[in-house]
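Shown next: run-v3.pdb, containing PDB, C-alpha atoms.
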```
ATOM      1  CA  GLY A   1      47.688  -0.062   0.770
ATOM      2  CA  LEU A   2      46.616   0.082   4.406
ATOM      3  CA  ASN A   3      43.615   2.268   3.581
ATOM      4  CA  THR A   4      42.148  -0.532   1.479
ATOM      5  CA  ILE A   5      42.519  -2.991   4.351
ATOM      6  CA  VAL A   6      41.008  -0.535   6.835
ATOM      7  CA  ASP A   7      38.070   0.167   4.512
ATOM      8  CA  ALA A   8      37.481  -3.564   4.053
ATOM      9  CA  ILE A   9      37.378  -4.072   7.828
ATOM     10  CA  LYS A  10      34.935  -1.176   8.242
ATOM     11  CA  VAL A  11      32.629  -2.505   5.526
ATOM     12  CA  SER A  12      32.725  -6.030   6.949
ATOM     13  CA  ARG A  13      31.739  -4.724  10.387
ATOM     14  CA  GLN A  14      28.895  -2.731   8.854
ATOM     15  CA  ILE A  15      27.684  -5.895   7.135
ATOM     16  CA  PHE A  16      27.873  -7.668  10.480
ATOM     17  CA  GLN A  17      25.647  -5.012  12.089
ATOM     18  CA  ARG A  18      23.073  -5.423   9.320
ATOM     19  CA  MET A  19      23.130  -9.200   9.724
ATOM     20  CA  LYS A  20      22.723  -8.957  13.492
ATOM     21  CA  ALA A  21      19.793  -6.554  13.138
ATOM     22  CA  TYR A  22      18.125  -8.876  10.639
ATOM     23  CA  VAL A  23      18.637 -11.984  12.784
ATOM     24  CA  GLN A  24      17.132 -10.301  15.849
ATOM     25  CA  TYR A  25      14.275  -8.994  13.731
ATOM     26  CA  ARG A  26      13.558 -12.369  12.190
ATOM     27  CA  ILE A  27      13.572 -14.297  15.459
ATOM     28  CA  ALA A  28      11.300 -11.758  17.165
ATOM     29  CA  LEU A  29       8.959 -11.694  14.163
ATOM     30  CA  CYS A  30       8.619 -15.487  14.098
ATOM     31  CA  LEU A  31       8.049 -15.691  17.851
ATOM     32  CA  HIS A  32       5.397 -12.984  17.643
ATOM     33  CA  LEU A  33       3.371 -14.793  15.001
ATOM     34  CA  GLU A  34       3.855 -18.270  16.432
ATOM     35  CA  ILE A  35       2.964 -17.348  20.010
ATOM     36  CA  TYR A  36      -0.071 -15.300  19.022
ATOM     37  CA  LEU A  37      -1.448 -17.784  16.500
ATOM     38  CA  VAL A  38      -1.060 -20.757  18.850
ATOM     39  CA  THR A  39      -2.522 -18.992  21.882
ATOM     40  CA  SER A  40      -5.412 -17.505  19.897
ATOM     41  CA  MET A  41      -6.329 -20.926  18.533
ATOM     42  CA  LEU A  42      -6.202 -22.437  22.016
ATOM     43  CA  VAL A  43      -7.911 -19.622  23.928
ATOM     44  CA  ILE A  44     -10.510 -18.126  21.578
ATOM     45  CA  LYS A  45     -10.516 -20.738  18.794
ATOM     46  CA  GLU A  46      -9.607 -18.141  16.227
ATOM     47  CA  THR A  47      -6.671 -17.398  13.973
ATOM     48  CA  ILE A  48      -5.577 -15.000  11.268
ATOM     49  CA  ARG A  49      -6.624 -16.161   7.812
ATOM     50  CA  ALA A  50      -3.989 -18.154   5.935
ATOM     51  CA  ASP A  51      -3.898 -15.798   2.940
ATOM     52  CA  LEU A  52      -3.317 -12.836   5.246
ATOM     53  CA  ILE A  53      -0.457 -14.709   6.923
ATOM     54  CA  VAL A  54       1.078 -15.228   3.482
ATOM     55  CA  PHE A  55       0.917 -11.477   2.905
ATOM     56  CA  LEU A  56       2.516 -10.857   6.307
ATOM     57  CA  ALA A  57       5.419 -13.096   5.316
ATOM     58  CA  LEU A  58       5.775 -11.389   1.937
ATOM     59  CA  PHE A  59       5.656  -7.931   3.494
ATOM     60  CA  ALA A  60       8.325  -8.872   6.030
ATOM     61  CA  ASP A  61      10.599 -10.171   3.277
ATOM     62  CA  LEU A  62      10.046  -7.230   0.941
ATOM     63  CA  ALA A  63      10.642  -4.653   3.640
ATOM     64  CA  THR A  64      13.775  -6.255   5.031
ATOM     65  CA  ILE A  65      15.433  -6.714   1.643
ATOM     66  CA  ALA A  66      16.197  -3.013   1.984
ATOM     67  CA  VAL A  67      18.282  -3.781   5.089
ATOM     68  CA  ALA A  68      21.125  -4.529   2.683
ATOM     69  CA  TYR A  69      21.105  -0.834   1.731
ATOM     70  CA  ASP A  70      20.676   0.493   5.260
ATOM     71  CA  ASN A  71      23.141   2.833   6.903
ATOM     72  CA  ALA A  72      25.137   0.906   9.490
ATOM     73  CA  HIS A  73      27.847   1.875  11.934
ATOM     74  CA  TYR A  74      31.053  -0.060  12.477
ATOM     75  CA  GLU A  75      32.563  -0.951  15.815
ATOM     76  CA  PRO A  76      36.115   0.214  16.531
ATOM     77  CA  ARG A  77      36.903  -3.199  18.037
ATOM     78  CA  PRO A  78      36.443  -6.737  16.683
ATOM     79  CA  VAL A  79      32.850  -7.957  16.933
ATOM     80  CA  GLU A  80      31.289 -11.326  17.693
ATOM     81  CA  TRP A  81      27.776 -12.747  17.602
ATOM     82  CA  GLN A  82      27.001 -12.902  21.355
ATOM     83  CA  LEU A  83      24.195 -15.375  20.707
ATOM     84  CA  PRO A  84      22.750 -15.414  24.262
ATOM     85  CA  ARG A  85      22.269 -11.635  24.111
ATOM     86  CA  ILE A  86      20.681 -11.854  20.662
ATOM     87  CA  TRP A  87      18.268 -14.557  21.843
ATOM     88  CA  VAL A  88      17.273 -12.660  24.982
ATOM     89  CA  ILE A  89      16.588  -9.449  23.061
ATOM     90  CA  SER A  90      14.665 -11.298  20.344
ATOM     91  CA  VAL A  91      12.521 -13.247  22.814
ATOM     92  CA  VAL A  92      11.689 -10.117  24.811
ATOM     93  CA  LEU A  93      10.709  -8.255  21.638
ATOM     94  CA  GLY A  94       8.613 -11.185  20.415
ATOM     95  CA  VAL A  95       6.750 -11.455  23.724
ATOM     96  CA  LEU A  96       6.114  -7.698  23.831
ATOM     97  CA  LEU A  97       4.734  -7.743  20.289
ATOM     98  CA  THR A  98       2.485 -10.674  21.186
ATOM     99  CA  ALA A  99       1.213  -8.863  24.275
ATOM    100  CA  GLY A 100       0.412  -5.797  22.173
ATOM    101  CA  THR A 101      -1.539  -7.864  19.657
ATOM    102  CA  TRP A 102      -3.490  -9.595  22.430
ATOM    103  CA  ILE A 103      -4.315  -6.268  24.077
ATOM    104  CA  MET A 104      -5.680  -4.935  20.803
ATOM    105  CA  ARG A 105      -7.639  -8.134  20.116
ATOM    106  CA  GLY A 106      -8.963  -8.124  23.662
ATOM    107  CA  THR A 107     -10.506  -4.682  23.255
ATOM    108  CA  ILE A 108     -12.695  -6.016  20.433
ATOM    109  CA  PHE A 109     -14.507  -8.177  22.999
ATOM    110  CA  LEU A 110     -15.762  -5.029  24.728
ATOM    111  CA  SER A 111     -19.404  -4.157  24.195
ATOM    112  CA  ASN A 112     -18.507  -0.956  22.349
ATOM    113  CA  GLY A 113     -16.121  -2.741  19.990
ATOM    114  CA  GLY A 114     -12.993  -1.467  21.713
ATOM    115  CA  ILE A 115     -10.504  -0.301  19.125
ATOM    116  CA  ILE A 116     -13.151  -0.435  16.380
ATOM    117  CA  GLU A 117     -14.582   3.000  15.623
ATOM    118  CA  ASN A 118     -17.689   3.171  13.405
ATOM    119  CA  TRP A 119     -17.097  -0.185  11.732
ATOM    120  CA  GLY A 120     -14.342  -2.662  11.063
ATOM    121  CA  HIS A 121     -13.403  -6.276  10.491
ATOM    122  CA  PRO A 122     -11.293  -8.000  13.193
ATOM    123  CA  GLN A 123      -9.301  -9.950  10.599
ATOM    124  CA  GLY A 124      -8.304  -6.793   8.748
ATOM    125  CA  ILE A 125      -7.532  -4.950  11.969
ATOM    126  CA  LEU A 126      -5.389  -7.799  13.296
ATOM    127  CA  PHE A 127      -3.587  -8.035   9.976
ATOM    128  CA  LEU A 128      -2.837  -4.309   9.939
ATOM    129  CA  GLU A 129      -1.609  -4.237  13.546
ATOM    130  CA  VAL A 130       0.694  -7.213  13.049
ATOM    131  CA  ALA A 131       2.011  -5.876   9.731
ATOM    132  CA  LEU A 132       2.769  -2.415  11.135
ATOM    133  CA  ASN A 133       4.475  -3.703  14.275
ATOM    134  CA  GLU A 134       6.575  -6.249  12.427
ATOM    135  CA  ASN A 135       7.678  -3.750   9.794
ATOM    136  CA  TRP A 136       8.638  -1.118  12.349
ATOM    137  CA  LEU A 137      10.478  -3.684  14.447
ATOM    138  CA  ILE A 138      13.503  -3.407  12.163
ATOM    139  CA  PHE A 139      13.988   0.175  13.380
ATOM    140  CA  VAL A 140      14.390  -1.230  16.904
ATOM    141  CA  THR A 141      16.770  -4.077  16.093
ATOM    142  CA  ARG A 142      19.010  -1.948  13.856
ATOM    143  CA  GLU A 143      19.888   0.234  16.867
ATOM    144  CA  ALA A 144      20.126   4.016  16.745
ATOM    145  CA  HIS A 145      23.761   4.698  15.926
ATOM    146  CA  THR A 146      22.885   5.931  12.424
ATOM    147  CA  TRP A 147      19.803   7.212  10.647
ATOM    148  CA  PRO A 148      18.007   4.598   8.520
ATOM    149  CA  SER A 149      18.571   4.819   4.788
ATOM    150  CA  TRP A 150      15.885   6.185   2.494
ATOM    151  CA  GLN A 151      15.680   2.771   0.829
ATOM    152  CA  LEU A 152      14.734   1.104   4.119
ATOM    153  CA  VAL A 153      12.255   3.814   5.093
ATOM    154  CA  GLY A 154      10.717   3.825   1.618
ATOM    155  CA  ALA A 155      10.339   0.041   1.500
ATOM    156  CA  ILE A 156       8.665  -0.121   4.898
ATOM    157  CA  LEU A 157       6.417   2.848   4.154
ATOM    158  CA  GLY A 158       5.332   1.251   0.880
ATOM    159  CA  VAL A 159       4.492  -2.038   2.578
ATOM    160  CA  ASP A 160       2.602  -0.198   5.336
ATOM    161  CA  ILE A 161       0.503   1.620   2.748
ATOM    162  CA  ILE A 162      -0.396  -1.656   1.013
ATOM    163  CA  ALA A 163      -1.319  -3.258   4.359
ATOM    164  CA  THR A 164      -3.473  -0.241   5.209
ATOM    165  CA  LEU A 165      -5.309  -0.449   1.884
ATOM    166  CA  LEU A 166      -5.967  -4.160   2.410
ATOM    167  CA  CYS A 167      -7.493  -3.329   5.786
ATOM    168  CA  VAL A 168      -9.532  -0.318   4.633
ATOM    169  CA  PHE A 169     -11.100  -2.066   1.653
ATOM    170  CA  GLY A 170     -11.446  -5.411   3.408
ATOM    171  CA  TRP A 171      -9.636  -7.439   0.784
ATOM    172  CA  LEU A 172      -9.046 -11.071   1.827
ATOM    173  CA  THR A 173     -10.765 -10.651   5.204
ATOM    174  CA  GLY A 174     -13.233 -13.440   4.491
ATOM    175  CA  GLY A 175     -16.612 -11.712   4.678
ATOM    176  CA  ALA A 176     -18.889 -11.496   7.709
ATOM    177  CA  PHE A 177     -17.228 -12.195  11.057
ATOM    178  CA  GLU A 178     -18.743 -13.480  14.278
ATOM    179  CA  GLN A 179     -16.894 -13.965  17.533
ATOM    180  CA  THR A 180     -17.143 -17.536  18.729
ATOM    181  CA  SER A 181     -15.397 -17.327  22.088
ATOM    182  CA  PRO A 182     -16.246 -15.820  24.493
ATOM    183  CA  PRO A 183     -19.816 -16.198  23.210
ATOM    184  CA  ASP A 184     -20.788 -12.913  21.646
ATOM    185  CA  GLN A 185     -23.221 -12.492  18.795
ATOM    186  CA  VAL A 186     -21.818  -9.170  17.655
ATOM    187  CA  THR A 187     -21.468  -9.201  13.874
ATOM    188  CA  PHE A 188     -18.880  -6.896  12.380
ATOM    189  CA  SER A 189     -18.565  -5.411   8.912
ATOM    190  CA  GLU A 190     -18.263  -7.831   6.026
ATOM    191  CA  GLY A 191     -14.798  -6.604   5.121
ATOM    192  CA  PRO A 192     -14.069  -2.860   5.041
ATOM    193  CA  THR A 193     -12.710  -0.951   8.018
ATOM    194  CA  SER A 194     -13.357   2.723   8.708
ATOM    195  CA  ILE A 195     -10.568   5.266   8.298
ATOM    196  CA  VAL A 196     -10.979   6.288  11.944
ATOM    197  CA  THR A 197     -10.327   2.711  13.070
ATOM    198  CA  VAL A 198      -7.255   2.512  10.848
ATOM    199  CA  ILE A 199      -5.903   5.732  12.387
ATOM    200  CA  VAL A 200      -6.495   4.307  15.865
ATOM    201  CA  VAL A 201      -4.635   1.107  14.917
ATOM    202  CA  TRP A 202      -1.724   3.154  13.572
ATOM    203  CA  GLY A 203      -1.632   5.158  16.799
ATOM    204  CA  PHE A 204      -1.809   1.995  18.898
ATOM    205  CA  SER A 205       1.033   0.413  16.917
ATOM    206  CA  ILE A 206       3.224   3.496  17.209
ATOM    207  CA  GLY A 207       2.561   3.623  20.940
TER     208      GLY A 207
END
```
Here is a file; write its structure as structure tokens.
Amino acid sequence: GLNTIVDAIKVSRQIFQRMKAYVQYRIALCLHLEIYLVTSMLVIKETIRADLIVFLALFADLATIAVAYDNAHYEPRPVEWQLPRIWVISVVLGVLLTAGTWIMRGTIFLSNGGIIENWGHPQGILFLEVALNENWLIFVTREAHTWPSWQLVGAILGVDIIATLLCVFGWLTGGAFEQTSPPDQVTFSEGPTSIVTVIVVWGFSIG
């Protein structure tokens, strides 16, 4: 009889850990997009295309559905939400993600194209960087007490592959791109991005 009660407590605490990881992930993800989109519109009068933002939202939802099947540890003592701690961690993660996106976008203003190797489209590159960072963020918020489940890893890997293909083939990037601010007449590719650039973006995101 007691074993059933103990097992129920363990499972409920595992569910709590999954919920906490998801909440931190979701807050940080929203802050990342909101801060970057607002500041980019104000500073360089540019934003990520609306259809790409829709895909970012879909990818985030599809990948994190697998959180329900993730391996989670259980605390030996009763747990509580600790909302101030959750907010602080989420805000810090969101700001760091935003800084990373701005650093990558800033390199494209360089005369040699910065992160762009051979050719590439800034919209596709931005989309890929944001998608990769936001998908991998769940591995940070879930903490490292247990290995992630194959369902979670598989879901995120699948979404990352789709995002990479969208970037490589230039789907939904909107054609020719010209920087408007600071004034620079450099014209980039009309959609596709080179494999070398994609590898660099992956390396930047992992770093």
Atomic separation - CA of Ser205 (chain A) relative to CA of Trp136 (chain A), Å: 9.0 Å
Of the residues A:Val201, A:Ile89, A:Val38, A:Ile53, which is the one nearest to Tyr25 (chain A), using all atoms listed in the file?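 Among A:Val201, A:Ile89, A:Val38, A:Ile53, it is A:Ile89 that comes nearest to Tyr25 (chain A).
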Between CA of Ile35 (chain A) and CA of Gly94 (chain A), what distance in Å does the model show, to one decimal?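 Taking CA of Ile35 (chain A) and CA of Gly94 (chain A), their separation equals 8.4 Å.
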I'd like to see the residues matched by the PyMOL selection byres ((chain A and resi 77) around 12) on this file, and ideally I'd get them as a PyMOL selection string. chain A and resi 9-10+13+74-76+78-80
Which residue gives the smallest distance to Leu126 (chain A) among A:Thr141, A:Ser111, A:Ser149, A:Thr173, with only C-alpha atoms counted?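 Under the stated criterion, the closest residue is A:Thr173.
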Ref. answer, residues at most 12 Å from (-7.6, 4.7, 10.4) with all atoms listed in the file, as a ChimeraX atom specification: /A:115-120,124-125,128-129,161,163-165,167-169,192-205
What residues come out when you apply the PyMOL selection byres ((chain A and resi 150) around 12) to this file, written as a ChimeraX atom specification? /A:66-71,147-149,151-158
Spatial sel., origin (-2.7, -13.1, 20.6), limit 7 Å, only C-alpha atoms, listed as a list of chain:residue names: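 Every residue inside that radius is included here: A:Tyr36, A:Leu37, A:Thr39, A:Ser40, A:Thr98, A:Ala99, A:Thr101, A:Trp102.
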May I ask for the distance between CA of Val88 (chain A) and CA of Cys30 (chain A), given in Å to one decimal place?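 About the pair CA of Val88 (chain A) and CA of Cys30 (chain A): they are 14.2 Å apart.
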Given all atoms listed in the file as the basis, pick out the residue of A:His73, A:Arg142, A:Arg18, A:Arg49 nearest to Phe127 (chain A).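 Nearest candidate to Phe127 (chain A) out of A:His73, A:Arg142, A:Arg18, A:Arg49: A:Arg49.
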Could you spell out the hits of the PyMOL selection byres ((chain A and resi 50) around 12) on the shown file, as a list of chain:residue names?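 With the PyMOL selection byres ((chain A and resi 50) around 12) on this model, the match is A:Leu37, A:Glu46, A:Thr47, A:Ile48, A:Arg49, A:Asp51, A:Leu52, A:Ile53, A:Val54, A:Phe55, A:Leu56, A:Ala57, A:Gln123, A:Phe127, A:Leu172, A:Thr173, A:Gly174.
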Counting all atoms listed in the file, the residue of A:Met41, A:Leu33, A:Val11, A:Trp81 that sits nearest Gly100 (chain A):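 Closest residue, counting all atoms listed in the file: A:Leu33.
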Nearest to Lys20 (chain A), chosen from A:Ala72, A:Lys45, A:Gly114, A:Asp160, with only C-alpha atoms counted in the distances: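 Using only C-alpha atoms, Lys20 (chain A) sits closest to A:Ala72.
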